[in-house]
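What follows is the content of coords-v4.cif, which has mmCIF, C-alpha atoms:
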data_structure
loop_
_atom_site.label_atom_id
_atom_site.label_comp_id
_atom_site.auth_asym_id
_atom_site.auth_seq_id
_atom_site.Cartn_x
_atom_site.Cartn_y
_atom_site.Cartn_z
CA MET A 1 33.07 139.03 63.59
CA LEU A 2 35.97 136.65 62.88
CA LYS A 3 35.83 135.25 66.42
CA GLY A 4 32.23 134.17 65.91
CA PHE A 5 33.13 132.51 62.60
CA ARG A 6 36.12 130.75 64.20
CA ASP A 7 33.90 129.48 67.05
CA PHE A 8 31.34 128.22 64.52
CA VAL A 9 33.92 126.39 62.39
CA LEU A 10 35.69 124.83 65.36
CA ARG A 11 32.54 123.47 66.99
CA GLY A 12 32.67 119.69 67.16
CA ASN A 13 29.61 118.98 65.03
CA VAL A 14 30.83 121.16 62.14
CA VAL A 15 34.19 119.40 62.06
CA ASP A 16 32.47 116.00 62.30
CA LEU A 17 30.19 116.92 59.41
CA ALA A 18 33.15 118.02 57.28
CA VAL A 19 34.95 114.74 57.97
CA ALA A 20 31.78 112.78 57.11
CA VAL A 21 31.42 114.60 53.78
CA VAL A 22 35.04 113.91 52.82
CA ILE A 23 34.83 110.24 53.83
CA GLY A 24 31.48 109.92 52.02
CA ALA A 25 32.93 111.38 48.82
CA ALA A 26 35.89 109.00 48.98
CA PHE A 27 33.56 106.07 49.66
CA GLY A 28 31.39 107.12 46.70
CA ALA A 29 34.45 107.16 44.44
CA VAL A 30 35.39 103.64 45.55
CA ILE A 31 31.86 102.38 44.86
CA VAL A 32 31.79 104.05 41.42
CA SER A 33 35.11 102.40 40.59
CA PHE A 34 33.81 99.04 41.83
CA VAL A 35 30.68 99.32 39.68
CA THR A 36 32.49 100.55 36.57
CA ASN A 37 35.52 98.28 36.68
CA ILE A 38 34.32 95.08 38.36
CA LEU A 39 30.56 94.72 38.64
CA THR A 40 29.51 96.05 35.23
CA PRO A 41 31.79 93.72 33.23
CA ILE A 42 30.48 90.75 35.24
CA ILE A 43 26.79 91.51 34.61
CA ALA A 44 27.30 93.22 31.24
CA ILE A 45 24.83 92.85 28.42
CA PRO A 46 26.38 90.44 25.87
CA GLY A 47 28.51 92.39 23.41
CA SER A 48 28.96 95.37 25.75
CA ALA A 49 31.73 95.37 28.38
CA ASP A 50 30.56 98.62 29.94
CA PHE A 51 27.09 100.06 30.35
CA ALA A 52 28.49 103.56 29.81
CA ASP A 53 28.99 102.67 26.14
CA LEU A 54 25.25 102.12 25.68
CA THR A 55 23.56 105.05 23.95
CA TRP A 56 20.38 105.76 22.09
CA LYS A 57 20.34 108.18 19.17
CA VAL A 58 17.34 110.50 18.84
CA SER A 59 17.35 113.29 16.24
CA GLY A 60 21.14 113.51 16.24
CA SER A 61 21.37 113.61 20.06
CA SER A 62 22.79 110.80 22.18
CA ILE A 63 20.94 109.62 25.27
CA LEU A 64 23.49 108.01 27.59
CA TYR A 65 21.22 105.50 29.31
CA GLY A 66 24.19 103.18 29.97
CA GLN A 67 25.85 105.80 32.17
CA PHE A 68 22.54 106.20 33.98
CA ILE A 69 22.52 102.43 34.65
CA ASN A 70 26.07 102.67 36.08
CA ASP A 71 25.08 105.60 38.30
CA LEU A 72 21.94 103.80 39.47
CA ILE A 73 23.93 100.70 40.42
CA SER A 74 26.45 102.90 42.28
CA PHE A 75 23.66 104.66 44.19
CA LEU A 76 22.03 101.37 45.18
CA LEU A 77 25.33 99.93 46.41
CA ILE A 78 26.09 103.06 48.46
CA ALA A 79 22.56 103.01 49.91
CA LEU A 80 22.91 99.31 50.82
CA ALA A 81 26.30 99.88 52.44
CA VAL A 82 25.05 102.85 54.47
CA TYR A 83 21.96 100.95 55.56
CA PHE A 84 23.74 97.76 56.64
CA LEU A 85 26.93 99.34 57.98
CA VAL A 86 25.49 102.46 59.66
CA VAL A 87 21.69 102.53 60.05
CA LYS A 88 21.11 98.95 61.25
CA PRO A 89 23.95 98.91 63.84
CA VAL A 90 23.04 102.35 65.22
CA THR A 91 19.35 101.38 65.45
CA ARG A 92 20.26 98.17 67.29
CA LEU A 93 22.56 100.10 69.64
CA MET A 94 19.89 102.71 70.37
CA GLU A 95 17.34 99.97 71.15
CA ARG A 96 19.74 98.44 73.68
CA ARG A 97 20.46 101.77 75.35
CA LYS A 98 16.82 102.85 75.41
CA THR A 99 15.84 104.19 78.81
CA GLU A 100 12.50 105.77 77.97
CA PRO A 101 9.44 103.53 78.28
CA ASP A 102 7.27 102.81 75.24
CA VAL A 103 4.57 105.39 74.58
CA GLY A 104 1.74 102.95 75.31
CA SER A 105 3.18 101.50 78.54
CA ALA A 106 2.11 102.59 82.01
CA THR A 107 4.61 104.81 83.82
CA LYS A 108 5.18 106.29 87.23
CA GLU A 109 7.41 109.08 88.46
CA CYS A 110 10.62 108.33 90.34
CA ARG A 111 10.47 109.88 93.83
CA GLU A 112 14.15 110.86 93.74
CA CYS A 113 14.77 112.31 90.27
CA LEU A 114 11.17 112.74 89.01
CA SER A 115 11.91 110.85 85.76
CA LYS A 116 9.23 108.77 84.06
CA ILE A 117 9.92 105.06 84.57
CA PRO A 118 7.85 101.91 83.84
CA ALA A 119 5.17 101.25 86.44
CA GLY A 120 6.63 97.84 87.39
CA ALA A 121 10.21 99.08 87.79
CA ARG A 122 11.97 98.23 91.05
CA ARG A 123 14.86 100.60 90.35
CA CYS A 124 15.03 103.91 88.47
CA ALA A 125 16.95 103.71 85.18
CA PHE A 126 18.22 107.26 85.64
CA CYS A 127 19.25 107.64 89.29
CA THR A 128 19.21 103.91 90.26
CA SER A 129 17.22 104.56 93.43
CA GLU A 130 15.06 101.72 94.70
CA GLN A 131 11.36 102.15 94.05
CA VAL A 132 8.67 101.40 96.59
CA ALA A 133 6.03 98.99 95.30
CA SER A 134 2.77 100.83 94.76
#
Please re-express this file's structure in structure tokens.
Amino acid sequence: MLKGFRDFVLRGNVVDLAVAVVIGAAFGAVIVSFVTNILTPIIAIPGSADFADLTWKVSGSSILYGQFINDLISFLLIALAVYFLVVKPVTRLMERRKTEPDVGSATKECRECLSKIPAGARRCAFCTSEQVAS
């Protein structure tokens, strides 16, 4: 029973995921600090140095809409950073390394490795064998 658990925990993707969560939490803390300590004072509503101080009183209860604004700004900055620093580069890299033909394009089968390749290909992208013109 413990051997199976050890094998599960030590698999590469579980360790990678754990590292990603820790790095993501640290990155989130940096962004929250940036928003609270630098960005909010720059774009602050006149008379308020921090959005977190903004409240609305309703029947004796305080609604902390200023803190919500801080959290929203933090989320948007994290989403922008992830998009431009992770999603866009990985998408561009995957487009460059793409070996499968587009769904709508005509394909033929390689005689050597039986992979689907574009109909006009002179060489197979998988096994690099020369293709006979058909």
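Here, the PyMOL selection byres ((chain A and resi 27-42) around 8) matches Ile23, Gly24, Ala25, Ala26, Ile43, Ala44, Ala49, Asp50, Phe51, Asn70, Asp71, Ile73, Ser74, Leu77 and Ile78 of chain A.
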Would you kindly translate the PyMOL selection byres ((chain A and resi 64) around 10) into the concrete residues it picks from this file, as a PyMOL selection string? chain A and resi 51-57+61-63+65-69
10 Å contact set for Thr128 of chain A, all atoms listed in the file, chain neighbours under 3 positions out, as a ChimeraX atom specification: /A:110,112-113,122-125,131
Between atom CA of Val14 of chain A and atom CA of Val86 of chain A, distance in Å (one decimal): 19.6 Å
For a test of reading the model, state the distance in Å between atom CA of Thr91 of chain A and atom CA of Asn13 of chain A, rounded to one decimal. 20.4 Å
Residue with smallest distance to Ala133 of chain A - pool A:Arg11, A:Lys116, A:Arg97, A:Lys108, counting only C-alpha atoms: A:Lys108
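Take atom CA of Thr107 of chain A and atom CA of Ala121 of chain A: the distance between them is 8.9 Å.
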